[in-house]
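Engineer: Just one file: final18.tsv, with TSV, C-alpha atoms and all ligand atoms.
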chain	number	residue	atom	x	y	z
A	104	MET	CA	117.71	82.08	74.58
A	105	LEU	CA	118.55	82.89	78.19
A	106	GLU	CA	115.74	83.74	80.60
A	107	LEU	CA	116.08	84.40	84.31
A	108	PHE	CA	113.28	84.08	86.83
A	109	HIS	CA	114.50	86.16	89.73
A	110	GLY	CA	113.61	88.34	92.68
A	111	PRO	CA	114.83	91.92	92.32
A	112	VAL	CA	115.73	91.93	96.05
A	113	SER	CA	116.96	88.34	96.32
A	114	THR	CA	120.65	87.73	97.11
A	115	ALA	CA	120.71	84.44	95.20
A	116	SER	CA	119.14	86.19	92.20
A	117	GLU	CA	121.72	88.98	92.42
A	118	ARG	CA	124.42	86.35	92.05
A	119	ALA	CA	122.85	84.95	88.85
A	120	ARG	CA	122.32	88.46	87.44
A	121	LEU	CA	125.93	89.35	88.26
A	122	VAL	CA	127.21	86.36	86.29
A	123	LEU	CA	125.01	87.23	83.29
A	124	GLU	CA	126.12	90.86	83.35
A	125	GLU	CA	129.82	90.18	83.99
A	126	LYS	CA	129.81	87.85	81.00
A	127	GLY	CA	127.98	90.40	78.87
A	128	LEU	CA	125.18	87.96	78.02
A	129	THR	CA	121.78	89.01	76.71
A	130	TRP	CA	118.95	87.71	78.85
A	131	THR	CA	115.23	88.10	79.35
A	132	SER	CA	114.04	89.08	82.81
A	133	HIS	CA	111.07	87.44	84.53
A	134	PRO	CA	110.66	89.04	87.96
A	135	VAL	CA	108.99	86.80	90.56
A	136	ASP	CA	107.11	88.54	93.39
A	137	LEU	CA	108.09	86.64	96.53
A	138	PHE	CA	105.64	88.58	98.75
A	139	SER	CA	102.55	87.56	96.84
A	140	GLY	CA	103.74	83.96	96.51
A	141	GLY	CA	104.84	84.07	92.85
A	142	GLN	CA	107.51	81.48	93.71
A	143	HIS	CA	104.80	78.98	94.70
A	144	ARG	CA	102.61	79.23	91.59
A	145	PRO	CA	102.35	75.77	90.00
A	146	GLU	CA	103.83	76.94	86.68
A	147	TYR	CA	106.89	78.30	88.48
A	148	ARG	CA	107.28	75.28	90.74
A	149	ALA	CA	107.30	73.12	87.64
A	150	LEU	CA	110.59	74.90	86.83
A	151	ASN	CA	111.88	75.05	90.40
A	152	ARG	CA	110.42	72.40	92.70
A	153	LEU	CA	111.63	74.24	95.83
A	154	GLY	CA	109.78	77.44	94.96
A	155	GLN	CA	112.95	79.53	95.15
A	156	VAL	CA	114.58	82.11	92.93
A	157	PRO	CA	116.59	82.24	90.74
A	158	THR	CA	115.82	79.80	87.95
A	159	LEU	CA	117.67	80.01	84.65
A	160	LEU	CA	115.92	78.84	81.51
A	161	HIS	CA	118.33	78.20	78.63
A	162	ASP	CA	116.60	77.14	75.43
A	163	GLY	CA	113.99	75.31	77.54
A	164	PHE	CA	116.49	73.79	80.00
A	165	ALA	CA	115.56	74.88	83.54
A	166	LEU	CA	118.28	75.18	86.15
A	167	ARG	CA	118.06	76.20	89.82
A	168	GLU	CA	120.72	77.00	92.48
A	169	SER	CA	122.69	80.17	91.86
A	170	SER	CA	126.07	78.42	92.26
A	171	VAL	CA	125.10	75.80	89.66
A	172	ILE	CA	123.77	78.51	87.35
A	173	ALA	CA	127.07	80.41	87.67
A	174	GLU	CA	129.13	77.34	86.80
A	175	TYR	CA	126.83	76.37	83.92
A	176	LEU	CA	126.89	79.83	82.33
A	177	ASP	CA	130.66	80.00	82.61
A	178	GLU	CA	131.03	76.63	80.93
A	179	VAL	CA	128.49	77.16	78.15
A	180	PHE	CA	129.65	80.70	77.39
A	181	PRO	CA	133.44	80.49	77.77
A	182	ALA	CA	134.18	84.08	76.68
A	183	ARG	CA	135.07	86.33	79.66
A	184	PRO	CA	135.73	83.36	81.99
A	185	LEU	CA	134.74	83.83	85.61
A	186	ARG	CA	135.93	80.58	87.14
A	187	PRO	CA	139.54	80.68	88.35
A	188	ALA	CA	142.20	79.33	86.00
A	189	SER	CA	144.01	76.99	88.43
A	190	ALA	CA	142.63	73.87	90.12
A	191	ARG	CA	143.64	75.25	93.51
A	192	ASP	CA	141.79	78.53	93.00
A	193	ARG	CA	138.76	76.72	91.57
A	194	ALA	CA	138.70	74.58	94.72
A	195	ARG	CA	138.85	77.76	96.81
A	196	ALA	CA	135.93	79.18	94.83
A	197	ARG	CA	133.89	76.02	95.50
A	198	LEU	CA	134.57	76.38	99.22
A	199	TRP	CA	133.17	79.91	99.07
A	200	ASP	CA	130.10	78.46	97.32
A	201	LYS	CA	129.66	76.07	100.26
A	202	THR	CA	130.13	78.87	102.76
A	203	ILE	CA	127.43	80.87	101.01
A	204	ASP	CA	125.08	77.87	101.14
A	205	GLU	CA	125.47	78.12	104.94
A	206	VAL	CA	125.12	81.91	105.04
A	207	HIS	CA	122.05	82.14	102.79
A	208	PRO	CA	119.40	80.83	105.26
A	209	PHE	CA	120.72	83.18	107.95
A	210	THR	CA	120.44	86.08	105.50
A	211	GLY	CA	116.74	85.26	105.20
A	212	VAL	CA	116.45	85.32	108.99
A	213	LEU	CA	118.09	88.76	109.22
A	214	THR	CA	116.23	90.27	106.27
A	215	TYR	CA	112.79	89.06	107.29
A	216	ALA	CA	113.26	89.85	111.00
A	217	ILE	CA	114.62	93.34	110.41
A	218	ALA	CA	113.08	94.59	107.20
A	219	PHE	CA	110.21	92.54	105.78
A	220	ARG	CA	108.35	91.55	108.95
A	221	PRO	CA	106.70	94.95	109.58
A	222	MET	CA	105.22	94.88	106.08
A	223	LEU	CA	104.32	91.17	106.05
A	224	ILE	CA	102.46	91.16	109.35
A	225	GLN	CA	100.01	93.68	107.85
A	226	LYS	CA	98.81	90.92	105.50
A	227	PRO	CA	95.61	88.99	106.35
A	228	LYS	CA	96.59	86.15	108.73
A	229	ASP	CA	95.48	83.32	106.44
A	230	GLU	CA	97.39	84.80	103.48
A	231	LEU	CA	100.58	85.03	105.53
A	232	ALA	CA	100.09	81.53	106.95
A	233	ALA	CA	99.70	80.16	103.39
A	234	LEU	CA	102.94	81.90	102.29
A	235	VAL	CA	104.85	80.29	105.16
A	236	ALA	CA	103.18	76.88	104.72
A	237	ALA	CA	104.24	76.79	101.05
A	238	ILE	CA	107.98	76.99	101.92
A	239	ALA	CA	109.38	73.60	100.89
A	240	ASP	CA	112.33	73.40	103.30
A	241	PRO	CA	111.03	72.59	106.84
A	242	ALA	CA	113.95	74.32	108.61
A	243	ARG	CA	113.39	77.48	106.62
A	244	ARG	CA	109.65	77.30	107.26
A	245	ILE	CA	110.20	77.12	111.03
A	246	ALA	CA	112.73	79.97	110.98
A	247	ARG	CA	110.42	82.15	108.86
A	248	GLN	CA	107.54	81.64	111.29
A	249	SER	CA	109.80	82.40	114.24
A	250	VAL	CA	111.04	85.73	112.84
A	251	LEU	CA	107.49	86.70	111.87
A	252	ASP	CA	106.38	85.97	115.43
A	253	HIS	CA	109.31	87.51	117.30
A	254	GLY	CA	111.16	89.88	114.94
A	255	VAL	CA	114.72	90.66	116.05
A	256	ALA	CA	114.02	88.93	119.39
A	257	ALA	CA	113.76	85.57	117.58
A	258	PRO	CA	116.27	82.95	118.82
A	259	GLU	CA	117.51	82.48	115.22
A	260	MET	CA	119.07	85.98	115.30
A	261	ARG	CA	122.09	85.05	117.43
A	262	PRO	CA	123.34	82.24	115.15
A	263	ALA	CA	122.60	84.46	112.13
A	264	VAL	CA	124.85	87.24	113.43
A	265	ALA	CA	127.51	84.68	114.47
A	266	CYS	CA	127.46	83.20	110.96
A	267	TYR	CA	128.13	86.63	109.45
A	268	LEU	CA	130.96	87.31	111.89
A	269	ARG	CA	132.57	84.03	110.81
A	270	LEU	CA	132.12	84.92	107.13
A	271	LEU	CA	133.71	88.34	107.63
A	272	ASP	CA	136.64	86.93	109.59
A	273	GLU	CA	137.20	84.23	106.97
A	274	MET	CA	137.22	86.89	104.25
A	275	GLU	CA	139.63	89.07	106.20
A	276	THR	CA	142.02	86.12	106.51
A	277	GLN	CA	141.88	85.23	102.79
A	278	LEU	CA	142.18	88.84	101.67
A	279	ALA	CA	145.43	89.15	103.64
A	280	ASP	CA	146.92	86.71	101.10
A	281	THR	CA	145.16	87.54	97.82
A	282	PRO	CA	143.29	90.57	96.44
A	283	PHE	CA	140.23	88.48	95.55
A	284	LEU	CA	138.52	85.65	97.42
A	285	ALA	CA	139.78	82.79	95.26
A	286	GLY	CA	143.15	84.23	94.30
A	287	GLU	CA	144.75	86.93	92.21
A	288	ALA	CA	141.78	87.41	89.85
A	289	PHE	CA	138.13	88.41	90.22
A	290	SER	CA	136.00	85.26	89.99
A	291	THR	CA	132.74	83.48	90.74
A	292	ALA	CA	133.83	83.47	94.41
A	293	ASP	CA	133.63	87.26	94.60
A	294	ILE	CA	130.29	87.17	92.77
A	295	ALA	CA	128.98	84.58	95.25
A	296	VAL	CA	129.81	86.65	98.32
A	297	VAL	CA	129.18	90.28	97.31
A	298	PRO	CA	125.34	90.13	97.49
A	299	PHE	CA	125.57	89.08	101.14
A	300	LEU	CA	127.85	91.87	102.33
A	301	THR	CA	125.74	94.28	100.32
A	302	ARG	CA	122.64	92.98	102.08
A	303	ILE	CA	123.99	93.41	105.60
A	304	SER	CA	125.26	96.86	104.77
A	305	HIS	CA	121.77	97.78	103.48
A	306	LEU	CA	120.37	96.41	106.75
A	307	GLY	CA	122.51	98.84	108.77
A	308	MET	CA	125.11	96.27	109.80
A	309	GLY	CA	127.90	98.17	108.03
A	310	PRO	CA	129.90	98.66	111.26
A	311	LEU	CA	130.64	94.91	111.26
A	312	ILE	CA	132.20	95.32	107.80
A	313	ASP	CA	133.97	98.58	108.70
A	314	ALA	CA	135.77	96.72	111.49
A	315	ARG	CA	137.42	94.49	108.84
A	316	PRO	CA	139.38	96.84	106.56
A	317	ARG	CA	140.28	94.26	103.89
A	318	ALA	CA	136.69	93.06	103.54
A	319	LYS	CA	135.52	96.68	103.42
A	320	ALA	CA	138.00	97.61	100.66
A	321	TRP	CA	137.14	94.41	98.74
A	322	LEU	CA	133.41	95.26	98.92
A	323	GLU	CA	134.02	98.75	97.54
A	324	THR	CA	136.11	97.32	94.69
A	325	ILE	CA	133.48	94.75	93.67
A	326	GLN	CA	130.59	97.20	94.01
A	327	ALA	CA	132.42	99.66	91.72
A	328	ARG	CA	132.30	97.21	88.80
A	329	PRO	CA	129.86	98.27	86.02
A	330	ALA	CA	128.17	94.85	86.12
A	331	PHE	CA	127.34	95.36	89.81
A	332	LYS	CA	125.48	98.55	88.94
A	333	ARG	CA	123.47	96.79	86.22
A	334	ALA	CA	122.78	93.60	88.21
A	335	VAL	CA	122.21	94.99	91.70
A	336	THR	CA	122.21	98.77	92.21
A	337	ASP	CA	119.88	99.54	89.31
A	338	VAL	CA	117.52	96.64	90.10
A	339	ILE	CA	116.77	97.01	93.83
A	340	PRO	CA	114.00	99.62	94.22
A	341	ALA	CA	115.04	102.75	96.15
A	342	ALA	CA	112.02	102.33	98.46
A	343	VAL	CA	113.31	98.91	99.53
A	344	ILE	CA	116.77	100.29	100.31
A	345	GLU	CA	115.10	103.00	102.40
A	346	THR	CA	113.02	100.40	104.29
A	347	PHE	CA	116.19	98.41	104.96
A	348	ARG	CA	117.94	101.55	106.20
A	349	VAL	CA	115.16	102.73	108.53
A	350	ASN	CA	114.35	99.28	109.96
A	351	GLY	CA	118.06	98.42	110.15
A	352	ALA	CA	118.76	101.53	112.23
A	353	ALA	CA	115.97	100.53	114.64
A	354	ALA	CA	117.38	96.99	114.92
A	355	TRP	CA	121.04	97.95	115.28
A	356	PRO	CA	121.10	98.16	119.13
A	357	THR	CA	119.88	94.52	119.28
A	358	LEU	CA	122.21	93.39	116.52
A	359	SER	CA	125.30	95.11	117.90
A	360	ALA	CA	124.60	93.53	121.29
A	361	LEU	CA	124.38	90.10	119.63
A	362	ALA	CA	127.58	90.77	117.70
A	363	ALA	CA	129.39	91.73	120.89
A	401	LIG	N1	120.62	77.97	97.42
A	401	LIG	C1	119.67	78.63	96.59
A	401	LIG	C2	118.83	79.56	97.46
A	401	LIG	C3	117.68	80.17	96.69
A	401	LIG	C4	116.72	80.92	97.62
A	401	LIG	O1	116.41	80.44	98.72
A	401	LIG	N2	116.25	82.08	97.20
A	401	LIG	C5	115.37	82.86	98.05
A	401	LIG	C6	115.54	84.33	97.75
A	401	LIG	S1	117.18	84.90	98.05
A	401	LIG	C7	113.94	82.48	97.77
A	401	LIG	O2	113.62	82.08	96.69
A	401	LIG	N3	113.06	82.60	98.77
A	401	LIG	C8	111.69	82.31	98.61
A	401	LIG	C9	111.03	81.93	99.88
A	401	LIG	O3	111.74	81.83	100.88
A	401	LIG	O4	109.82	81.72	99.87
A	401	LIG	C10	120.38	79.43	95.50
A	401	LIG	O5	121.52	79.85	95.73
A	401	LIG	O6	119.82	79.59	94.41
Please go through the file and, once you have read it, give me the structure as structure tokens.
Ligand SMILES: N[C@@H](CCC(=O)N[C@@H](CS)C(=O)NCC(=O)O)C(=O)O
Structural biologist:
Amino acid sequence: MLELFHGPVSTASERARLVLEEKGLTWTSHPVDLFSGGQHRPEYRALNRLGQVPTLLHDGFALRESSVIAEYLDEVFPARPLRPASARDRARARLWDKTIDEVHPFTGVLTYAIAFRPMLIQKPKDELAALVAAIADPARRIARQSVLDHGVAAPEMRPAVACYLRLLDEMETQLADTPFLAGEAFSTADIAVVPFLTRISHLGMGPLIDARPRAKAWLETIQARPAFKRAVTDVIPAAVIETFRVNGAAAWPTLSALAA
């Protein structure tokens, strides 16, 4: 039995859901509410010591890290393979996994500074302080506090935007050679990256993607896949997309200045 503990609006969870849906696997959904601290409940942290989503539970075996989950599912369920066929392309896919490990913390900075902060700072101060204090990774804890204090004026915003510009440029370079990120075929590399471009486009940073025509066309191709609809489009609540859009539009002057 496959169970996924996931956040409906979490990029790392989107990646795990995409793998499950692309492979046509049947799975049970356990949504975790990150805003009320569901990721820090003792019973969840017994499955995932970092208090992060996603966690896959396969017949009682708990696994964290979306890249590891992707590889595991592809190995255990070999039908509809998602890892590239050649060693060279598999190595490329692993490099995209590493890139996404770098991009992920900056995605949190952008999302919390732009979209979640206005809602979170309405919470009672001690409740919010407890949510931040429970974050296991000290660097992430400091960054979270900074964006809650300063919003888009936080010093973490500049490196976050720079990280995305590097990602987009790297994609543009690869996509000049191959139609997909790890080669000629759709793979775990495309699944790893698509949640992140989707996120910045939801946050109103689409012009950065539009300026890179190959990345833009790639994004449209991946988002048109039926599994993307089931794993991402149908799962993120419309109200959240609207919050991203409205708060993203307000933040865009700051972000475009940082990008320039
Ligand atoms: N590298 C991990 C990152 C997991 C992660 O940080 N997930 C975020 C949501 S996208 C989370 O659980 N955040 C909870 C928090 O920051 O308190 C993966 O790919 O699974």
Engineer: At a cut-off of 10 Å from (118.8, 78.6, 108.0) in the coordinates of the file, what residues are picked up using only C-alpha atoms, written as a PyMOL selection string?
Structural biologist: chain A and resi 204-212+240-247+259+262-263
Engineer: Taking all atoms listed in the file into account, which of A:Ala354, A:Leu311, A:Val296, A:Val335 comes nearest Ala265 (chain A)?
Structural biologist: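 Comparing A:Ala354, A:Leu311, A:Val296, A:Val335 against Ala265 (chain A), the winner is A:Leu311.
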Engineer: Counting only C-alpha atoms, which residues sit no farther than 12 Å from the position (109.8, 91.2, 119.8) in the file's frame? I'd like them as a PyMOL selection string.
Structural biologist: chain A and resi 216-217+220-221+249-258+260+354+357
Engineer: Please produce a file of those selected residues containing C-alpha atoms, as a PDB file, in the frame of the given file.
Structural biologist:
ATOM      1  CA  ALA A 216     113.260  89.850 111.000  1.00  0.00           C
ATOM      2  CA  ILE A 217     114.620  93.340 110.410  1.00  0.00           C
ATOM      3  CA  ARG A 220     108.350  91.550 108.950  1.00  0.00           C
ATOM      4  CA  PRO A 221     106.700  94.950 109.580  1.00  0.00           C
ATOM      5  CA  SER A 249     109.800  82.400 114.240  1.00  0.00           C
ATOM      6  CA  VAL A 250     111.040  85.730 112.840  1.00  0.00           C
ATOM      7  CA  LEU A 251     107.490  86.700 111.870  1.00  0.00           C
ATOM      8  CA  ASP A 252     106.380  85.970 115.430  1.00  0.00           C
ATOM      9  CA  HIS A 253     109.310  87.510 117.300  1.00  0.00           C
ATOM     10  CA  GLY A 254     111.160  89.880 114.940  1.00  0.00           C
ATOM     11  CA  VAL A 255     114.720  90.660 116.050  1.00  0.00           C
ATOM     12  CA  ALA A 256     114.020  88.930 119.390  1.00  0.00           C
ATOM     13  CA  ALA A 257     113.760  85.570 117.580  1.00  0.00           C
ATOM     14  CA  PRO A 258     116.270  82.950 118.820  1.00  0.00           C
ATOM     15  CA  MET A 260     119.070  85.980 115.300  1.00  0.00           C
ATOM     16  CA  ALA A 354     117.380  96.990 114.920  1.00  0.00           C
ATOM     17  CA  THR A 357     119.880  94.520 119.280  1.00  0.00           C
TER      18      THR A 357
END
Engineer: Skipping near chain neighbours, those fewer than 5 positions away, what residues fall within 12 Å of Ala363 (chain A) using only C-alpha atoms, listed as a list in words?
Structural biologist: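 Close residues of Ala363 (chain A): Arg261, Val264, Ala265, Leu268, Pro310, Leu311, Trp355, Pro356, Thr357 and Leu358 of chain A.
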Engineer: Using all atoms listed in the file, can you tell me which of A:Phe299, A:Phe289, A:Tyr215, A:Phe331 comes closest to Pro184 (chain A)?
Structural biologist: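 Of the candidates, the smallest distance to Pro184 (chain A) is held by A:Phe289.
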Engineer: Taking a cut-off of 7 Å and counting only C-alpha atoms and all ligand atoms, can you build a table that, for each residue of chain A near ligand LIG 401 (chain A), reports the nearest atom pair and how far apart they are in Å (one decimal), sorted by chain then residue number, as CSV?
Structural biologist:
residue,atom,partner,partner_atom,distance
A:Gly110,CA,A:LIG401,C6,6.7
A:Ser113,CA,A:LIG401,S1,3.9
A:Thr114,CA,A:LIG401,S1,4.6
A:Ala115,CA,A:LIG401,S1,4.6
A:Ser116,CA,A:LIG401,S1,6.3
A:Leu137,CA,A:LIG401,C8,6.0
A:Gln142,CA,A:LIG401,C8,6.5
A:Gly154,CA,A:LIG401,O2,6.3
A:Gln155,CA,A:LIG401,O2,3.1
A:Val156,CA,A:LIG401,O2,3.9
A:Pro157,CA,A:LIG401,O6,5.6
A:Arg167,CA,A:LIG401,O6,6.0
A:Glu168,CA,A:LIG401,O6,3.4
A:Ser169,CA,A:LIG401,O6,3.9
A:Ser170,CA,A:LIG401,O5,5.9
A:Asp204,CA,A:LIG401,N1,5.8
A:His207,CA,A:LIG401,C2,6.7
A:Ile238,CA,A:LIG401,O4,5.5
Engineer: Using all atoms listed in the file, which of the listed residues (A:Gln326, A:Thr202, A:Thr129, A:Thr214) sits closest to Glu273 (chain A)?
Structural biologist: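 Closest to Glu273 (chain A) of all the choices is A:Thr202.
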Engineer: Work out how far apart CA of Ala285 (chain A) and CA of Lys201 (chain A) are and give it in Å to one decimal.
Structural biologist: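 That distance, rounded to one decimal, is 13.1 Å.
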Engineer: Need the shell around Ile312 (chain A): protein/DNA/RNA residues with any atom at most 10 Å away, counting all atoms listed in the file. Skip same-chain ones fewer than 2 positions apart. Format as a ChimeraX atom specification?
Structural biologist: /A:267-268,271-272,275,300-301,303-304,308-310,314-320,322
Engineer: Restricting it to C-alpha atoms, dump the selection as a short mmCIF file (atom, residue, chain, number, x, y, z; two decimals), keeping the file's coordinate frame.
Structural biologist:
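Okay, this is what ended up in out_3.cif:
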data_model
loop_
_atom_site.label_atom_id
_atom_site.label_comp_id
_atom_site.auth_asym_id
_atom_site.auth_seq_id
_atom_site.Cartn_x
_atom_site.Cartn_y
_atom_site.Cartn_z
CA TYR A 267 128.13 86.63 109.45
CA LEU A 268 130.96 87.31 111.89
CA LEU A 271 133.71 88.34 107.63
CA ASP A 272 136.64 86.93 109.59
CA GLU A 275 139.63 89.07 106.20
CA LEU A 300 127.85 91.87 102.33
CA THR A 301 125.74 94.28 100.32
CA ILE A 303 123.99 93.41 105.60
CA SER A 304 125.26 96.86 104.77
CA MET A 308 125.11 96.27 109.80
CA GLY A 309 127.90 98.17 108.03
CA PRO A 310 129.90 98.66 111.26
CA ALA A 314 135.77 96.72 111.49
CA ARG A 315 137.42 94.49 108.84
CA PRO A 316 139.38 96.84 106.56
CA ARG A 317 140.28 94.26 103.89
CA ALA A 318 136.69 93.06 103.54
CA LYS A 319 135.52 96.68 103.42
CA ALA A 320 138.00 97.61 100.66
CA LEU A 322 133.41 95.26 98.92
#
